[in-house]
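Trainee: One file is attached below, target.pdb, containing PDB, C-alpha atoms.
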```pdb
ATOM      1  CA  MET R   1       7.829  13.089 -11.560  1.00  0.00           C
ATOM      2  CA  SER R   2      11.178  11.256 -11.478  1.00  0.00           C
ATOM      3  CA  GLU R   3      12.672  13.634 -14.061  1.00  0.00           C
ATOM      4  CA  ASN R   4      12.570  16.441 -11.475  1.00  0.00           C
ATOM      5  CA  LEU R   5      13.967  14.406  -8.570  1.00  0.00           C
ATOM      6  CA  THR R   6      17.615  14.393  -7.581  1.00  0.00           C
ATOM      7  CA  HIS R   7      19.304  11.064  -6.912  1.00  0.00           C
ATOM      8  CA  PRO R   8      19.257  11.416  -3.083  1.00  0.00           C
ATOM      9  CA  LEU R   9      15.530  12.089  -3.124  1.00  0.00           C
ATOM     10  CA  LEU R  10      14.881   9.092  -5.352  1.00  0.00           C
ATOM     11  CA  ALA R  11      16.826   6.923  -2.912  1.00  0.00           C
ATOM     12  CA  ALA R  12      14.881   8.324   0.048  1.00  0.00           C
ATOM     13  CA  LEU R  13      11.531   7.866  -1.688  1.00  0.00           C
ATOM     14  CA  THR R  14      12.350   4.274  -2.634  1.00  0.00           C
ATOM     15  CA  GLU R  15      13.325   3.416   0.943  1.00  0.00           C
ATOM     16  CA  ALA R  16      10.236   5.124   2.393  1.00  0.00           C
ATOM     17  CA  LEU R  17       7.933   3.239   0.015  1.00  0.00           C
ATOM     18  CA  THR R  18       9.603  -0.100   0.755  1.00  0.00           C
ATOM     19  CA  ARG R  19       9.501   0.334   4.529  1.00  0.00           C
ATOM     20  CA  THR R  20       5.899   1.545   4.519  1.00  0.00           C
ATOM     21  CA  ALA R  21       4.823  -1.410   2.372  1.00  0.00           C
ATOM     22  CA  GLY R  22       6.491  -3.727   4.875  1.00  0.00           C
ATOM     23  CA  LEU R  23       4.704  -2.122   7.811  1.00  0.00           C
ATOM     24  CA  LEU R  24       1.328  -2.276   6.061  1.00  0.00           C
ATOM     25  CA  ARG R  25       1.982  -5.741   4.593  1.00  0.00           C
ATOM     26  CA  VAL R  26       1.002  -4.636   1.093  1.00  0.00           C
ATOM     27  CA  PRO R  27       2.922  -4.563  -2.213  1.00  0.00           C
ATOM     28  CA  VAL R  28       5.042  -1.465  -2.831  1.00  0.00           C
ATOM     29  CA  GLU R  29       2.726  -0.676  -5.756  1.00  0.00           C
ATOM     30  CA  GLY R  30      -0.095  -0.288  -3.254  1.00  0.00           C
ATOM     31  CA  VAL R  31       1.549   2.579  -1.344  1.00  0.00           C
ATOM     32  CA  ARG R  32       0.432   5.953  -2.670  1.00  0.00           C
ATOM     33  CA  VAL R  33       2.700   9.029  -2.576  1.00  0.00           C
ATOM     34  CA  LEU R  34       0.864  12.101  -1.295  1.00  0.00           C
ATOM     35  CA  GLY R  35       3.724  14.565  -1.428  1.00  0.00           C
ATOM     36  CA  VAL R  36       7.498  14.995  -1.623  1.00  0.00           C
ATOM     37  CA  GLU R  37       9.220  18.269  -0.807  1.00  0.00           C
ATOM     38  CA  ALA R  38      12.519  19.785   0.265  1.00  0.00           C
ATOM     39  CA  ALA R  39      12.758  20.678   3.948  1.00  0.00           C
ATOM     40  CA  GLN R  40      14.987  22.525   6.390  1.00  0.00           C
ATOM     41  CA  TRP R  41      15.036  20.525   9.625  1.00  0.00           C
ATOM     42  CA  PRO R  42      15.758  22.480  12.829  1.00  0.00           C
ATOM     43  CA  ASP R  43      18.435  20.087  14.109  1.00  0.00           C
ATOM     44  CA  GLY R  44      20.494  17.001  13.355  1.00  0.00           C
ATOM     45  CA  CYS R  45      17.621  14.760  14.501  1.00  0.00           C
ATOM     46  CA  LEU R  46      15.447  16.131  11.687  1.00  0.00           C
ATOM     47  CA  GLY R  47      13.046  17.670  14.183  1.00  0.00           C
ATOM     48  CA  LEU R  48      12.068  14.336  15.766  1.00  0.00           C
ATOM     49  CA  PRO R  49      14.522  13.595  18.601  1.00  0.00           C
ATOM     50  CA  GLU R  50      14.111  10.406  20.594  1.00  0.00           C
ATOM     51  CA  ASP R  51      13.943  10.489  24.385  1.00  0.00           C
ATOM     52  CA  GLY R  52      17.320  11.527  25.770  1.00  0.00           C
ATOM     53  CA  GLU R  53      18.892  11.891  22.318  1.00  0.00           C
ATOM     54  CA  ALA R  54      21.429  14.695  21.848  1.00  0.00           C
ATOM     55  CA  CYS R  55      20.879  16.490  18.538  1.00  0.00           C
ATOM     56  CA  ALA R  56      23.289  18.747  16.699  1.00  0.00           C
ATOM     57  CA  GLU R  57      21.923  22.286  16.946  1.00  0.00           C
ATOM     58  CA  ALA R  58      22.214  23.156  13.291  1.00  0.00           C
ATOM     59  CA  VAL R  59      19.726  23.543  10.477  1.00  0.00           C
ATOM     60  CA  THR R  60      19.815  20.332   8.447  1.00  0.00           C
ATOM     61  CA  PRO R  61      18.546  20.296   4.845  1.00  0.00           C
ATOM     62  CA  GLY R  62      16.639  17.261   3.671  1.00  0.00           C
ATOM     63  CA  TYR R  63      13.307  15.981   2.431  1.00  0.00           C
ATOM     64  CA  LEU R  64       9.806  15.334   3.730  1.00  0.00           C
ATOM     65  CA  ILE R  65       7.974  12.367   2.204  1.00  0.00           C
ATOM     66  CA  ARG R  66       4.249  11.954   2.852  1.00  0.00           C
ATOM     67  CA  LEU R  67       2.642   8.613   2.013  1.00  0.00           C
ATOM     68  CA  HIS R  68      -0.916   7.334   2.328  1.00  0.00           C
ATOM     69  CA  ASP R  69      -2.279   5.920   5.585  1.00  0.00           C
ATOM     70  CA  GLY R  70      -0.655   8.792   7.483  1.00  0.00           C
ATOM     71  CA  PHE R  71       3.005   7.761   7.222  1.00  0.00           C
ATOM     72  CA  THR R  72       5.537  10.598   6.947  1.00  0.00           C
ATOM     73  CA  TRP R  73       9.272  10.073   6.530  1.00  0.00           C
ATOM     74  CA  ARG R  74      12.140  12.507   7.031  1.00  0.00           C
ATOM     75  CA  ALA R  75      15.428  12.210   5.184  1.00  0.00           C
ATOM     76  CA  ASP R  76      18.656  14.192   5.138  1.00  0.00           C
ATOM     77  CA  GLU R  77      20.118  15.836   2.038  1.00  0.00           C
ATOM     78  CA  HIS R  78      22.010  12.650   1.172  1.00  0.00           C
ATOM     79  CA  GLY R  79      18.802  10.626   0.900  1.00  0.00           C
ATOM     80  CA  ASN R  80      19.180   8.780   4.196  1.00  0.00           C
ATOM     81  CA  VAL R  81      15.742   8.127   5.701  1.00  0.00           C
ATOM     82  CA  ARG R  82      16.367   8.677   9.410  1.00  0.00           C
ATOM     83  CA  ARG R  83      13.024   9.518  10.989  1.00  0.00           C
ATOM     84  CA  MET R  84       9.420   8.371  10.655  1.00  0.00           C
ATOM     85  CA  ARG R  85       6.231   9.705  12.175  1.00  0.00           C
ATOM     86  CA  ARG R  86       3.646   6.974  12.583  1.00  0.00           C
ATOM     87  CA  PRO R  87      -0.012   7.718  11.945  1.00  0.00           C
ATOM     88  CA  GLU R  88      -2.448   8.020  14.800  1.00  0.00           C
ATOM     89  CA  PRO R  89      -4.289   4.754  15.545  1.00  0.00           C
ATOM     90  CA  TYR R  90      -7.388   4.303  13.445  1.00  0.00           C
ATOM     91  CA  PRO R  91     -10.757   4.127  15.197  1.00  0.00           C
ATOM     92  CA  ASP R  92     -11.916   0.547  15.706  1.00  0.00           C
ATOM     93  CA  THR R  93     -14.794   1.166  13.306  1.00  0.00           C
ATOM     94  CA  GLU R  94     -12.662   2.426  10.406  1.00  0.00           C
ATOM     95  CA  VAL R  95     -11.947   0.018   7.562  1.00  0.00           C
ATOM     96  CA  ARG R  96      -9.163   0.078   4.953  1.00  0.00           C
ATOM     97  CA  LEU R  97      -8.897  -2.260   1.976  1.00  0.00           C
ATOM     98  CA  HIS R  98      -6.291  -3.026  -0.678  1.00  0.00           C
ATOM     99  CA  TYR R  99      -7.004  -5.554  -3.436  1.00  0.00           C
ATOM    100  CA  SER R 100      -4.577  -6.471  -6.216  1.00  0.00           C
ATOM    101  CA  VAL R 101      -4.262  -8.977  -9.040  1.00  0.00           C
ATOM    102  CA  GLN R 102      -0.962  -9.712 -10.758  1.00  0.00           C
ATOM    103  CA  GLY R 103       0.653 -12.255 -13.043  1.00  0.00           C
ATOM    104  CA  GLY R 104      -0.427 -13.934 -16.240  1.00  0.00           C
ATOM    105  CA  ILE R 105       1.276 -13.678 -19.616  1.00  0.00           C
ATOM    106  CA  GLY R 106       3.132 -10.370 -19.747  1.00  0.00           C
ATOM    107  CA  GLY R 107       3.109  -9.884 -15.976  1.00  0.00           C
ATOM    108  CA  GLY R 108      -0.064  -7.831 -15.655  1.00  0.00           C
ATOM    109  CA  TYR R 109      -1.058  -5.868 -12.567  1.00  0.00           C
ATOM    110  CA  THR R 110      -4.075  -3.976 -11.295  1.00  0.00           C
ATOM    111  CA  ALA R 111      -5.192  -2.789  -7.888  1.00  0.00           C
ATOM    112  CA  TYR R 112      -7.989  -1.111  -5.969  1.00  0.00           C
ATOM    113  CA  GLU R 113      -7.852   0.555  -2.573  1.00  0.00           C
ATOM    114  CA  THR R 114     -10.381   2.360  -0.448  1.00  0.00           C
ATOM    115  CA  ASP R 115     -11.235   3.274   3.131  1.00  0.00           C
ATOM    116  CA  SER R 116     -14.057   4.579   5.276  1.00  0.00           C
ATOM    117  CA  TRP R 117     -13.419   8.143   4.141  1.00  0.00           C
ATOM    118  CA  ARG R 118     -13.892   7.348   0.458  1.00  0.00           C
ATOM    119  CA  LEU R 119     -16.860   4.999   0.749  1.00  0.00           C
ATOM    120  CA  SER R 120     -20.451   6.113   1.069  1.00  0.00           C
ATOM    121  CA  GLU R 121     -22.254   5.075   4.251  1.00  0.00           C
ATOM    122  CA  GLN R 122     -24.134   2.419   2.293  1.00  0.00           C
ATOM    123  CA  GLU R 123     -20.954   1.030   0.699  1.00  0.00           C
ATOM    124  CA  GLU R 124     -19.123   0.962   4.022  1.00  0.00           C
ATOM    125  CA  ALA R 125     -22.009  -0.846   5.721  1.00  0.00           C
ATOM    126  CA  GLU R 126     -22.113  -3.378   2.877  1.00  0.00           C
ATOM    127  CA  LEU R 127     -18.362  -3.974   3.083  1.00  0.00           C
ATOM    128  CA  LEU R 128     -18.407  -4.402   6.866  1.00  0.00           C
ATOM    129  CA  ASP R 129     -21.242  -6.932   6.565  1.00  0.00           C
ATOM    130  CA  LEU R 130     -19.235  -8.898   3.987  1.00  0.00           C
ATOM    131  CA  ILE R 131     -16.121  -8.851   6.194  1.00  0.00           C
ATOM    132  CA  ASP R 132     -18.081 -10.136   9.182  1.00  0.00           C
ATOM    133  CA  ALA R 133     -19.935 -12.784   7.167  1.00  0.00           C
ATOM    134  CA  ALA R 134     -16.656 -14.110   5.743  1.00  0.00           C
ATOM    135  CA  ASP R 135     -14.883 -14.097   9.148  1.00  0.00           C
ATOM    136  CA  PHE R 136     -12.125 -12.472   7.125  1.00  0.00           C
ATOM    137  CA  PHE R 137      -9.594 -12.071   9.934  1.00  0.00           C
ATOM    138  CA  ASP R 138      -9.677 -15.838  10.513  1.00  0.00           C
ATOM    139  CA  VAL R 139      -9.401 -16.861   6.841  1.00  0.00           C
ATOM    140  CA  ASP R 140      -6.356 -19.048   6.227  1.00  0.00           C
ATOM    141  CA  THR R 141      -3.637 -18.259   3.684  1.00  0.00           C
ATOM    142  CA  PRO R 142      -1.925 -21.553   2.789  1.00  0.00           C
ATOM    143  CA  MET R 143       1.335 -21.614   0.876  1.00  0.00           C
ATOM    144  CA  PRO R 144       1.236 -22.646  -2.809  1.00  0.00           C
ATOM    145  CA  THR R 145       1.570 -26.397  -3.273  1.00  0.00           C
ATOM    146  CA  HIS R 146       3.218 -26.043  -6.677  1.00  0.00           C
ATOM    147  CA  THR R 147       4.491 -23.406  -9.092  1.00  0.00           C
ATOM    148  CA  VAL R 148       2.297 -22.286 -11.978  1.00  0.00           C
ATOM    149  CA  TYR R 149       4.152 -20.302 -14.623  1.00  0.00           C
ATOM    150  CA  ASP R 150       2.223 -17.231 -15.786  1.00  0.00           C
ATOM    151  CA  GLY R 151      -0.197 -17.884 -12.931  1.00  0.00           C
ATOM    152  CA  ILE R 152      -2.466 -15.261 -11.395  1.00  0.00           C
ATOM    153  CA  THR R 153      -2.112 -14.163  -7.763  1.00  0.00           C
ATOM    154  CA  THR R 154      -4.798 -12.181  -5.953  1.00  0.00           C
ATOM    155  CA  ARG R 155      -4.150 -10.343  -2.685  1.00  0.00           C
ATOM    156  CA  LEU R 156      -6.790  -8.949  -0.370  1.00  0.00           C
ATOM    157  CA  TRP R 157      -5.579  -6.885   2.583  1.00  0.00           C
ATOM    158  CA  ILE R 158      -8.095  -5.453   5.028  1.00  0.00           C
ATOM    159  CA  ALA R 159      -7.585  -3.495   8.231  1.00  0.00           C
ATOM    160  CA  ARG R 160     -10.327  -2.671  10.692  1.00  0.00           C
ATOM    161  CA  GLY R 161      -9.121  -0.401  13.429  1.00  0.00           C
ATOM    162  CA  ARG R 162      -5.772  -1.807  14.582  1.00  0.00           C
ATOM    163  CA  ARG R 163      -6.470  -5.301  13.271  1.00  0.00           C
ATOM    164  CA  ALA R 164      -5.119  -6.218   9.823  1.00  0.00           C
ATOM    165  CA  HIS R 165      -5.024  -9.396   7.763  1.00  0.00           C
ATOM    166  CA  GLU R 166      -3.978 -10.390   4.245  1.00  0.00           C
ATOM    167  CA  VAL R 167      -5.210 -13.321   2.166  1.00  0.00           C
ATOM    168  CA  LEU R 168      -3.552 -14.666  -0.984  1.00  0.00           C
ATOM    169  CA  ARG R 169      -5.336 -16.720  -3.590  1.00  0.00           C
ATOM    170  CA  GLY R 170      -4.362 -17.949  -7.037  1.00  0.00           C
ATOM    171  CA  ASN R 171      -2.907 -20.713  -9.131  1.00  0.00           C
ATOM    172  CA  GLY R 172      -1.054 -23.252  -7.013  1.00  0.00           C
ATOM    173  CA  ILE R 173      -2.953 -22.389  -3.807  1.00  0.00           C
ATOM    174  CA  GLU R 174      -5.404 -25.134  -2.966  1.00  0.00           C
ATOM    175  CA  VAL R 175      -8.089 -24.157  -0.474  1.00  0.00           C
ATOM    176  CA  GLN R 176     -11.854 -24.447  -0.101  1.00  0.00           C
ATOM    177  CA  ASP R 177     -13.321 -20.991   0.517  1.00  0.00           C
ATOM    178  CA  THR R 178     -16.810 -20.185   1.738  1.00  0.00           C
ATOM    179  CA  GLU R 179     -19.432 -18.468  -0.374  1.00  0.00           C
ATOM    180  CA  ALA R 180     -19.232 -15.502   2.002  1.00  0.00           C
ATOM    181  CA  PHE R 181     -15.510 -15.123   1.300  1.00  0.00           C
ATOM    182  CA  HIS R 182     -16.127 -15.345  -2.456  1.00  0.00           C
ATOM    183  CA  ALA R 183     -18.724 -12.583  -2.093  1.00  0.00           C
ATOM    184  CA  LEU R 184     -16.176 -10.364  -0.323  1.00  0.00           C
ATOM    185  CA  MET R 185     -13.573 -10.961  -3.032  1.00  0.00           C
ATOM    186  CA  ALA R 186     -16.173 -10.244  -5.716  1.00  0.00           C
ATOM    187  CA  TRP R 187     -17.051  -6.920  -4.046  1.00  0.00           C
ATOM    188  CA  ALA R 188     -13.431  -5.785  -4.409  1.00  0.00           C
ATOM    189  CA  ALA R 189     -12.962  -7.301  -7.870  1.00  0.00           C
ATOM    190  CA  GLU R 190     -15.987  -5.455  -9.259  1.00  0.00           C
ATOM    191  CA  ARG R 191     -14.349  -2.135  -8.341  1.00  0.00           C
ATOM    192  CA  THR R 192     -10.903  -2.977  -9.715  1.00  0.00           C
ATOM    193  CA  PRO R 193      -9.743  -1.672 -13.137  1.00  0.00           C
ATOM    194  CA  PRO R 194      -8.919  -4.190 -15.892  1.00  0.00           C
ATOM    195  CA  MET R 195      -5.478  -5.761 -15.703  1.00  0.00           C
ATOM    196  CA  PHE R 196      -2.877  -4.782 -18.290  1.00  0.00           C
ATOM    197  CA  PRO R 197       0.703  -6.021 -18.720  1.00  0.00           C
ATOM    198  CA  ARG R 198       3.220  -3.838 -16.915  1.00  0.00           C
ATOM    199  CA  GLY R 199       4.427  -1.024 -19.153  1.00  0.00           C
ATOM    200  CA  VAL R 200       1.379  -1.087 -21.419  1.00  0.00           C
ATOM    201  CA  MET R 201      -0.238   1.958 -19.793  1.00  0.00           C
ATOM    202  CA  ASP R 202       1.323   5.351 -20.472  1.00  0.00           C
ATOM    203  CA  LEU R 203       1.337   8.326 -18.101  1.00  0.00           C
ATOM    204  CA  ASP R 204      -2.074   9.511 -19.297  1.00  0.00           C
ATOM    205  CA  GLY R 205      -3.673   6.152 -18.558  1.00  0.00           C
ATOM    206  CA  GLU R 206      -4.063   5.326 -22.269  1.00  0.00           C
ATOM    207  CA  THR R 207      -3.074   1.966 -23.668  1.00  0.00           C
ATOM    208  CA  ALA R 208       0.107   2.155 -25.707  1.00  0.00           C
ATOM    209  CA  GLY R 209      -0.689   2.153 -29.383  1.00  0.00           C
ATOM    210  CA  THR R 210      -4.218   3.471 -28.938  1.00  0.00           C
ATOM    211  CA  PRO R 211      -5.013   6.137 -31.567  1.00  0.00           C
TER     212      PRO R 211
END
```
Turn the structure described in the file into C-alpha coordinates.

Mentor:
Amino acid sequence: MSENLTHPLLAALTEALTRTAGLLRVPVEGVRVLGVEAAQWPDGCLGLPEDGEACAEAVTPGYLIRLHDGFTWRADEHGNVRRMRRPEPYPDTEVRLHYSVQGGIGGGYTAYETDSWRLSEQEEAELLDLIDAADFFDVDTPMPTHTVYDGITTRLWIARGRRAHEVLRGNGIEVQDTEAFHALMAWAAERTPPMFPRGVMDLDGETAGTP
(Lines of atoms letter the chains of each structure in order from A and count residues from 1; the text may use other names and numbers.)
(Lines give C-alpha, C1' and ligand atoms only; values in the text may rest on other atoms or scores of the structure.)
Protein backbone atom coordinates (compact mmCIF):
# COMPACT_ATOMS: atom_id res chain seq x y z
CA MET A 1 0.00 0.00 0.00
CA SER A 2 2.84 2.41 0.83
CA GLU A 3 3.97 2.52 -2.81
CA ASN A 4 0.77 4.41 -3.70
CA LEU A 5 0.89 6.85 -0.78
CA THR A 6 2.33 10.34 -1.01
CA HIS A 7 4.71 11.50 1.71
CA PRO A 8 2.12 13.73 3.48
CA LEU A 9 -0.32 10.85 3.70
CA LEU A 10 2.34 8.53 5.10
CA ALA A 11 3.12 11.12 7.76
CA ALA A 12 -0.57 11.51 8.62
CA LEU A 13 -1.13 7.76 8.77
CA THR A 14 1.89 7.25 11.03
CA GLU A 15 0.71 9.95 13.44
CA ALA A 16 -2.86 8.61 13.48
CA LEU A 17 -1.66 5.08 14.23
CA THR A 18 0.67 6.27 17.00
CA ARG A 19 -1.96 8.44 18.69
CA THR A 20 -4.64 5.76 18.46
CA ALA A 21 -2.30 3.16 19.95
CA GLY A 22 -1.63 5.54 22.83
CA LEU A 23 -5.33 6.08 23.47
CA LEU A 24 -6.06 2.34 23.38
CA ARG A 25 -2.88 1.43 25.28
CA VAL A 26 -1.88 -1.18 22.71
CA PRO A 27 1.19 -1.54 20.47
CA VAL A 28 1.06 0.32 17.16
CA GLU A 29 1.13 -3.08 15.44
CA GLY A 30 -2.21 -3.82 17.06
CA VAL A 31 -4.05 -0.92 15.40
CA ARG A 32 -5.71 -2.00 12.17
CA VAL A 33 -6.19 0.39 9.22
CA LEU A 34 -9.70 0.19 7.79
CA GLY A 35 -9.37 2.81 5.10
CA VAL A 36 -7.36 5.79 3.84
CA GLU A 37 -8.70 8.20 1.24
CA ALA A 38 -8.34 11.71 -0.13
CA ALA A 39 -10.97 14.18 1.06
CA GLN A 40 -12.24 17.68 0.39
CA TRP A 41 -13.10 19.24 3.75
CA PRO A 42 -15.75 22.00 3.71
CA ASP A 43 -13.71 24.47 5.79
CA GLY A 44 -10.39 25.15 7.47
CA CYS A 45 -11.48 23.14 10.52
CA LEU A 46 -11.72 20.01 8.36
CA GLY A 47 -15.46 19.79 8.95
CA LEU A 48 -15.15 19.36 12.73
CA PRO A 49 -15.11 22.83 14.33
CA GLU A 50 -14.82 23.10 18.09
CA ASP A 51 -17.29 25.17 20.09
CA GLY A 52 -16.82 28.84 19.27
CA GLU A 53 -14.01 28.17 16.79
CA ALA A 54 -13.83 30.40 13.71
CA CYS A 55 -13.09 28.36 10.58
CA ALA A 56 -11.84 29.61 7.24
CA GLU A 57 -14.71 29.27 4.77
CA ALA A 58 -12.77 27.54 2.04
CA VAL A 59 -12.65 24.00 0.74
CA THR A 60 -9.58 22.35 2.26
CA PRO A 61 -8.05 19.25 0.63
CA GLY A 62 -6.73 16.53 2.88
CA TYR A 63 -7.14 12.94 3.97
CA LEU A 64 -9.55 10.78 5.94
CA ILE A 65 -8.01 7.93 7.94
CA ARG A 66 -10.28 5.26 9.41
CA LEU A 67 -8.82 2.92 12.03
CA HIS A 68 -10.32 0.04 14.00
CA ASP A 69 -12.31 0.59 17.19
CA GLY A 70 -14.15 3.47 15.52
CA PHE A 71 -11.36 6.07 15.44
CA THR A 72 -11.33 8.42 12.44
CA TRP A 73 -8.68 11.07 11.85
CA ARG A 74 -8.72 14.07 9.52
CA ALA A 75 -5.56 15.58 8.08
CA ASP A 76 -4.81 18.47 5.75
CA GLU A 77 -2.98 18.13 2.44
CA HIS A 78 0.37 18.60 4.17
CA GLY A 79 -0.15 15.53 6.36
CA ASN A 80 -0.96 17.42 9.56
CA VAL A 81 -3.46 15.43 11.63
CA ARG A 82 -5.70 18.16 13.03
CA ARG A 83 -9.02 16.54 13.90
CA MET A 84 -10.21 13.28 15.42
CA ARG A 85 -13.67 11.83 15.83
CA ARG A 86 -13.87 9.54 18.82
CA PRO A 87 -15.95 6.37 18.65
CA GLU A 88 -19.25 6.12 20.45
CA PRO A 89 -18.94 4.53 23.91
CA TYR A 90 -19.14 0.76 23.81
CA PRO A 91 -22.02 -0.95 25.61
CA ASP A 92 -21.02 -2.19 29.05
CA THR A 93 -21.50 -5.77 27.87
CA GLU A 94 -19.20 -5.52 24.84
CA VAL A 95 -15.72 -7.00 25.13
CA ARG A 96 -12.58 -6.27 23.09
CA LEU A 97 -9.31 -8.18 23.35
CA HIS A 98 -5.78 -7.76 22.00
CA TYR A 99 -3.09 -10.35 22.74
CA SER A 100 0.49 -10.17 21.48
CA VAL A 101 3.79 -11.97 21.95
CA GLN A 102 7.11 -10.45 20.93
CA GLY A 103 10.83 -10.91 21.44
CA GLY A 104 13.12 -13.91 21.33
CA ILE A 105 16.02 -14.45 18.95
CA GLY A 106 15.32 -12.48 15.78
CA GLY A 107 12.72 -10.24 17.41
CA GLY A 108 9.60 -12.24 16.58
CA TYR A 109 6.06 -10.92 16.84
CA THR A 110 2.53 -12.27 16.61
CA ALA A 111 -0.85 -11.00 17.71
CA TYR A 112 -4.53 -11.84 17.96
CA GLU A 113 -7.46 -9.49 18.39
CA THR A 114 -11.19 -9.97 18.59
CA ASP A 115 -14.38 -8.44 19.94
CA SER A 116 -18.01 -9.23 20.62
CA TRP A 117 -18.91 -8.77 16.97
CA ARG A 118 -16.47 -11.40 15.74
CA LEU A 119 -17.03 -14.01 18.45
CA SER A 120 -19.86 -16.50 18.47
CA GLU A 121 -22.26 -16.29 21.41
CA GLN A 122 -20.65 -19.37 22.93
CA GLU A 123 -17.11 -17.99 22.53
CA GLU A 124 -18.10 -14.62 23.98
CA ALA A 125 -19.77 -16.25 26.98
CA GLU A 126 -16.68 -18.41 27.55
CA LEU A 127 -14.37 -15.39 27.35
CA LEU A 128 -16.49 -13.32 29.74
CA ASP A 129 -16.51 -16.19 32.25
CA LEU A 130 -12.71 -16.41 32.04
CA ILE A 131 -12.34 -12.64 32.53
CA ASP A 132 -14.58 -12.70 35.59
CA ALA A 133 -12.92 -15.80 37.07
CA ALA A 134 -9.47 -14.23 36.70
CA ASP A 135 -10.58 -10.84 38.13
CA PHE A 136 -8.68 -9.53 35.14
CA PHE A 137 -9.20 -5.82 35.78
CA ASP A 138 -7.53 -6.20 39.18
CA VAL A 139 -4.55 -8.27 37.99
CA ASP A 140 -1.25 -6.56 38.80
CA THR A 141 1.41 -5.72 36.22
CA PRO A 142 4.74 -5.43 38.07
CA MET A 143 7.79 -3.94 36.40
CA PRO A 144 10.57 -6.32 35.29
CA THR A 145 13.11 -6.96 38.04
CA HIS A 146 15.94 -7.55 35.57
CA THR A 147 16.69 -7.47 31.85
CA VAL A 148 16.62 -10.70 29.86
CA TYR A 149 18.21 -10.40 26.42
CA ASP A 150 16.15 -12.09 23.70
CA GLY A 151 13.38 -12.49 26.28
CA ILE A 152 9.72 -12.97 25.44
CA THR A 153 7.07 -10.40 26.41
CA THR A 154 3.35 -11.17 26.33
CA ARG A 155 0.69 -8.45 26.45
CA LEU A 156 -2.99 -8.99 27.11
CA TRP A 157 -5.27 -5.97 26.75
CA ILE A 158 -8.98 -6.32 27.42
CA ALA A 159 -11.75 -3.73 27.43
CA ARG A 160 -15.26 -4.36 28.66
CA GLY A 161 -17.52 -1.44 28.01
CA ARG A 162 -15.57 1.67 29.07
CA ARG A 163 -13.23 -0.24 31.37
CA ALA A 164 -9.84 -1.31 29.99
CA HIS A 165 -6.77 -2.96 31.46
CA GLU A 166 -3.46 -4.33 30.16
CA VAL A 167 -1.26 -7.01 31.70
CA LEU A 168 2.36 -7.73 30.76
CA ARG A 169 4.09 -11.01 31.42
CA GLY A 170 7.44 -12.43 30.37
CA ASN A 171 11.07 -12.95 31.20
CA GLY A 172 12.21 -10.68 34.02
CA ILE A 173 8.69 -10.20 35.43
CA GLU A 174 8.30 -12.14 38.65
CA VAL A 175 4.72 -12.68 39.76
CA GLN A 176 2.53 -15.52 40.99
CA ASP A 177 -0.58 -15.75 38.81
CA THR A 178 -3.74 -17.70 39.55
CA GLU A 179 -4.86 -20.72 37.57
CA ALA A 180 -7.85 -18.68 36.38
CA PHE A 181 -5.53 -16.05 34.90
CA HIS A 182 -3.44 -18.74 33.20
CA ALA A 183 -6.64 -20.14 31.69
CA LEU A 184 -7.52 -16.70 30.28
CA MET A 185 -4.06 -16.29 28.77
CA ALA A 186 -4.26 -19.79 27.29
CA TRP A 187 -7.62 -18.96 25.66
CA ALA A 188 -5.98 -16.08 23.77
CA ALA A 189 -2.75 -17.96 23.05
CA GLU A 190 -4.61 -20.87 21.44
CA ARG A 191 -6.08 -18.46 18.87
CA THR A 192 -2.83 -16.64 18.09
CA PRO A 193 -0.79 -17.47 14.95
CA PRO A 194 2.76 -18.83 15.35
CA MET A 195 5.45 -16.24 16.01
CA PHE A 196 7.97 -15.49 13.27
CA PRO A 197 10.93 -13.08 13.29
CA ARG A 198 10.03 -9.66 11.94
CA GLY A 199 10.54 -9.51 8.18
CA VAL A 200 10.26 -13.26 7.67
CA MET A 201 6.67 -13.09 6.40
CA ASP A 202 6.10 -11.66 2.93
CA LEU A 203 3.00 -9.77 1.77
CA ASP A 204 1.17 -12.98 0.88
CA GLY A 205 1.66 -14.41 4.36
CA GLU A 206 4.19 -17.00 3.13
CA THR A 207 7.46 -17.59 4.91
CA ALA A 208 10.40 -16.19 2.99
CA GLY A 209 12.22 -18.95 1.19
CA THR A 210 9.23 -21.29 1.10
CA PRO A 211 8.94 -22.99 -2.32

Trainee: Kindly resolve the PyMOL selection byres ((chain R and resi 164) around 10) on the present coordinates and return the residues as an NGL selection string.

Mentor: :R and (24-25 or 95-97 or 136-137 or 157-163 or 165-166)

Trainee: Once the PyMOL selection byres ((chain R and resi 123-128) around 12) has been applied to the shown file, what residues remain in the selection, as a PyMOL selection string?

Mentor: chain R and resi 93-97+114-122+129-136+158-160+180-181+183-188+191

Trainee: Here is a test: counting only C-alpha atoms, which residue of R:Thr18, R:Gln40, R:Thr141, R:Thr178 is nearest to R:Arg155?

Mentor: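 Closest residue, counting only C-alpha atoms: R:Thr141.
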
Trainee: Just the residues within 12 Å of R:Arg85, please, counting all atoms listed in the file, with nothing from its chain fewer than 5 positions along; format it as a list in words.

Mentor: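 The contact residues come out as Ala16, Thr20, Leu46, Gly47, Leu48, Pro49, Glu50, Leu64, Ile65, Arg66, Leu67, Asp69, Gly70, Phe71, Thr72, Trp73, Arg74 and Ala75 of chain R.
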
Trainee: Using the chain letters and numbering of this document, enumerate as a ChimeraX atom specification the residues selected by the PyMOL selection byres ((chain R and resi 63) around 12).

Mentor: /R:5-6,8-13,16,35-41,46-47,60-62,64-66,72-84

Trainee: In Å to one decimal, how far is atom CA of R:Val167 from atom CA of R:Met143?

Mentor: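 Between atom CA of R:Met143 and atom CA of R:Val167 the gap is 10.6 Å.
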
Trainee: What is the distance between atom CA of R:Asp177 and atom CA of R:His146, in Å to one decimal?

Mentor: 18.7 Å

Trainee: What's the separation between atom CA of R:Asp138 and atom CA of R:Thr192, in Å to one decimal place?

Mentor: 24.0 Å

Trainee: Which of these residues is nearest to R:Gly103, using only C-alpha atoms: R:Asn171, R:Gln176, R:Thr153, R:Thr14?

Mentor: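 Looking at the shortest contact to R:Gly103, the residue is R:Thr153.
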
Trainee: Which is closer to R:Val33 than all the others in R:Leu168, R:Cys45, R:Leu17, R:Ile152, using only C-alpha atoms?

Mentor: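 Going through R:Leu168, R:Cys45, R:Leu17, R:Ile152 one by one, the smallest distance to R:Val33 is for R:Leu17.
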
Trainee: Can you tell me, as a PyMOL selection string, what residues are no more than 7 Å from R:Ile173 when counting all atoms listed in the file, ignoring any on the same chain fewer than 2 positions away?

Mentor: chain R and resi 142-145+169-171+175

Trainee: Fewer than 4 positions away in the same chain doesn't count, so skip those; otherwise give me all residues within 8 Å of R:Asp43, counting all atoms listed in the file, as a list in words.

Mentor: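 The residues satisfying every condition are Gly47, Cys55, Ala56, Glu57, Ala58, Val59 and Thr60 of chain R.
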
Trainee: Let me make sure I understand: among R:Pro27, R:Gly44, R:Gly52, R:Gly172, which one has the smallest atom-to-atom distance to R:Tyr99 if we use all atoms listed in the file?

Mentor: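 Looking only at the distances to R:Tyr99, the closest residue turns out to be R:Pro27.
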